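Chemist: Dropping the structure in here first, questions after.
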Amino acid sequence: MTHPVLAPGRVAVVTGAALGIGLAACKRFAELGMAVCMADRAAGDLEEARQAVAELAPDGAAQVLAVPADVSKLEDLEALREAALGRFGEVGLLMNNAVTRVGGGVWAPLDDWHEAMNVNLWGVINGVRTFVPSMMEQKTPCLVINCGSKQGITNPPGNSAYNVTKAALKAYTEALQHELRNTEGCQVSAHLLVPGFTTTGKREHKPGAWLPEQVVERMIAAIERSEFYIICPDNEVTPEMDRKRILWGAGDITENRPPLSRWHKDYGEAFDKSS
């Protein structure tokens, strides 16, 4: 069965669309016959990406729209919505994919923390509040896909600002789906995409990483199964390893261990031996 949103004539809006997972998603949506509205703040890369997506779309450039936008600015997303509706008449899928890894540890500069929060969390909230009310009013099946991270679940030491934004995004998306499924007549569902180690942006591909196209195929298959948590493995981490890490992190609370005990000198051996 094909999800009714992933079909010719429906419209996808994707932020962070110029590179990586966002671009791969746009290409796949175009191949499925969907119209695609692409947004990114890197205008040069966005135009190149638009051309690449248009080459795959059955109706070519007429089926693809590119709008430079900064998701941290509500007015940019409002302009994006008007452009998408003005060109295509509806929005069936909103993919909040735009992200920044600017941030750092607990004592990183506050400006970096604000940038991380503004893009990774507020960018998604802005997108939802701008697009979803009108998607609900359409009375048609619709999808919201928010791009999270395993770092927002297991919280590995390092870039604390990034982890915090993705942990907040997980909580927000869970609350959003609860709200949507308890709204009478609502046909919009929310989903949390959680990529593994993935080659994104303009980075050199590493043997252990998945390609963005693999993440997108996993995402589409999971949506067909109506899954909320779309957790992707990679060439280094299996689904079994992910489950072990997630359960261990939750166990820090239920077993009253020190936080982040997986990286604690007194608990590393116990983690390695855990099933």
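Residues in the structure tokens are numbered from 1 in each chain, the chains being A, B, ... in the order shown, and ligands are numbered from 1 in the order shown.
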Quick one: residues within 6 Å of segment 58-70 of chain A, only C-alpha atoms counted, chain neighbours fewer than 2 positions away excluded, as an MDAnalysis selection string?

Modeler: chainID A and resid 35:41 43 54:55 72:73 76

Chemist: Just to be explicit: take each residue in the selection above, keep C-alpha atoms, and write the result as an mmCIF file, in the first residue's frame.

Modeler:
data_model
loop_
_atom_site.group_PDB
_atom_site.id
_atom_site.type_symbol
_atom_site.label_atom_id
_atom_site.label_comp_id
_atom_site.auth_asym_id
_atom_site.auth_seq_id
_atom_site.Cartn_x
_atom_site.Cartn_y
_atom_site.Cartn_z
ATOM 1 C CA ALA A 35 5.168 18.631 -6.345
ATOM 2 C CA VAL A 36 8.058 19.852 -4.200
ATOM 3 C CA CYS A 37 8.655 23.166 -2.482
ATOM 4 C CA MET A 38 12.297 23.394 -1.389
ATOM 5 C CA ALA A 39 13.574 25.804 1.258
ATOM 6 C CA ASP A 40 17.099 26.570 2.456
ATOM 7 C CA ARG A 41 19.082 29.634 3.447
ATOM 8 C CA ALA A 43 20.552 30.251 -1.977
ATOM 9 C CA ALA A 54 13.370 19.194 -11.569
ATOM 10 C CA GLU A 55 15.230 16.701 -13.748
ATOM 11 C CA SER A 72 14.573 30.622 12.601
ATOM 12 C CA LYS A 73 12.589 33.568 11.166
ATOM 13 C CA ASP A 76 10.375 33.538 6.246
#

Chemist: Could you name the residues that touch segment 143-154 of chain A at 6 Å or less, counting only C-alpha atoms, but leaving out those on the same chain fewer than 5 positions away, as number ranges by chain?

Modeler: A: 93-97, 163, 166-167, 188-194, 249

Chemist: Between atom CA of Ala57 of chain A and atom CA of Gly33 of chain A, what is the distance in Å, rounded to a tenth?

Modeler: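 Atom-to-atom, atom CA of Ala57 of chain A and atom CA of Gly33 of chain A are spaced 6.4 Å apart.
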
Chemist: So that I can see what lies close to His3 of chain A, please list as a list in words the residues with an atom at most 10 Å from it, counting only C-alpha atoms and leaving out residues fewer than 5 positions away in the same chain.

Modeler: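 The neighbour list is Pro141, Cys142, Leu143, Ile220, Ala221, Ile223, Glu224, Arg225 and Ser226 of chain A.
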
Chemist: DSSP on the backbone: which residues in segment 176-265 of chain A end up as alpha helix (DSSP H)? Give the answer as JSON, numbers by chain.

Modeler: {"A": [176, 177, 178, 179, 180, 181, 212, 213, 214, 215, 216, 217, 218, 219, 220, 221, 222, 223, 224, 239, 240, 241, 242, 243, 244, 245, 246, 247, 248, 249, 250, 251, 252, 253, 254]}

Chemist: Residues at most 8 Å from segment 18-29 of chain A, counting only C-alpha atoms, excluding those fewer than 3 positions away in the same chain, as a ChimeraX atom specification?

Modeler: /A:6,12,14-15,32-36,38-40,42,45-50,52-53,56-57,97-98,199-202,212-213,215-216

Chemist: Once DSSP has gone over the backbone, tell me which residues of segment 136-256 of chain A are in strand (DSSP E or B), as an mmCIF file with C-alpha atoms, in the first residue's frame.

Modeler:
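out-v1.cif, freshly written:
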data_model
loop_
_atom_site.group_PDB
_atom_site.id
_atom_site.type_symbol
_atom_site.label_atom_id
_atom_site.label_comp_id
_atom_site.auth_asym_id
_atom_site.auth_seq_id
_atom_site.Cartn_x
_atom_site.Cartn_y
_atom_site.Cartn_z
ATOM 1 C CA CYS A 142 -1.145 14.872 5.637
ATOM 2 C CA LEU A 143 2.262 14.202 7.189
ATOM 3 C CA VAL A 144 4.678 16.160 9.363
ATOM 4 C CA ILE A 145 8.187 14.702 9.525
ATOM 5 C CA ASN A 146 10.581 16.249 12.050
ATOM 6 C CA CYS A 147 14.237 15.311 11.744
ATOM 7 C CA VAL A 188 -2.479 14.989 9.957
ATOM 8 C CA SER A 189 0.076 12.708 11.619
ATOM 9 C CA ALA A 190 3.530 13.594 12.937
ATOM 10 C CA HIS A 191 6.643 11.410 12.762
ATOM 11 C CA LEU A 192 10.152 11.620 14.211
ATOM 12 C CA LEU A 193 12.954 10.737 11.796
ATOM 13 C CA VAL A 194 16.111 9.696 13.657
ATOM 14 C CA THR A 198 24.911 9.700 7.669
ATOM 15 C CA TRP A 210 24.698 5.616 5.326
ATOM 16 C CA TYR A 229 9.827 6.654 15.677
ATOM 17 C CA ILE A 230 11.838 6.167 12.485
ATOM 18 C CA ILE A 231 15.222 5.159 13.894
#

Chemist: Pick out the closest residue to His264 of chain A from this set: A:Pro157, A:Ala83, A:Asp111, A:Val5. Count only C-alpha atoms.

Modeler: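 So, comparing all the options, the nearest one is A:Pro157.
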
Chemist: With distances taken over only C-alpha atoms, which of A:Arg10, A:Lys273, A:Arg262, A:Lys170 is nearest to Asn120 of chain A?

Modeler: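 Among A:Arg10, A:Lys273, A:Arg262, A:Lys170, it is A:Lys170 that comes nearest to Asn120 of chain A.
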
Chemist: Tell me, as number ranges by chain, which residues lie within 9 Å of Leu77 of chain A, counting only C-alpha atoms; anything in the same chain fewer than 3 positions away does not count.

Modeler: A: 69-74, 80-82, 123, 126-127, 130-131

Chemist: Quick one: write out the picked residues with C-alpha atoms as an mmCIF file, in the first residue's frame?

Modeler:
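Result file follows (result11.cif):
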data_model
loop_
_atom_site.group_PDB
_atom_site.id
_atom_site.type_symbol
_atom_site.label_atom_id
_atom_site.label_comp_id
_atom_site.auth_asym_id
_atom_site.auth_seq_id
_atom_site.Cartn_x
_atom_site.Cartn_y
_atom_site.Cartn_z
ATOM 1 C CA ALA A 69 14.264 30.835 3.788
ATOM 2 C CA ASP A 70 15.763 30.919 7.282
ATOM 3 C CA VAL A 71 13.621 28.666 9.482
ATOM 4 C CA SER A 72 14.573 30.622 12.601
ATOM 5 C CA LYS A 73 12.589 33.568 11.166
ATOM 6 C CA LEU A 74 8.844 33.102 11.403
ATOM 7 C CA LEU A 80 7.270 29.978 2.284
ATOM 8 C CA ARG A 81 3.723 28.857 3.072
ATOM 9 C CA GLU A 82 2.210 31.549 0.869
ATOM 10 C CA GLY A 123 12.773 26.348 13.279
ATOM 11 C CA ASN A 126 7.857 27.835 13.474
ATOM 12 C CA GLY A 127 7.258 25.342 10.669
ATOM 13 C CA THR A 130 2.883 28.069 10.167
ATOM 14 C CA PHE A 131 1.830 25.070 8.088
#

Chemist: Calculated over only C-alpha atoms, which of the candidates A:Gly158, A:Glu90, A:Trp248, A:Thr100 has the smallest distance to His114 of chain A?

Modeler: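 Looking only at the distances to His114 of chain A, the closest residue turns out to be A:Thr100.
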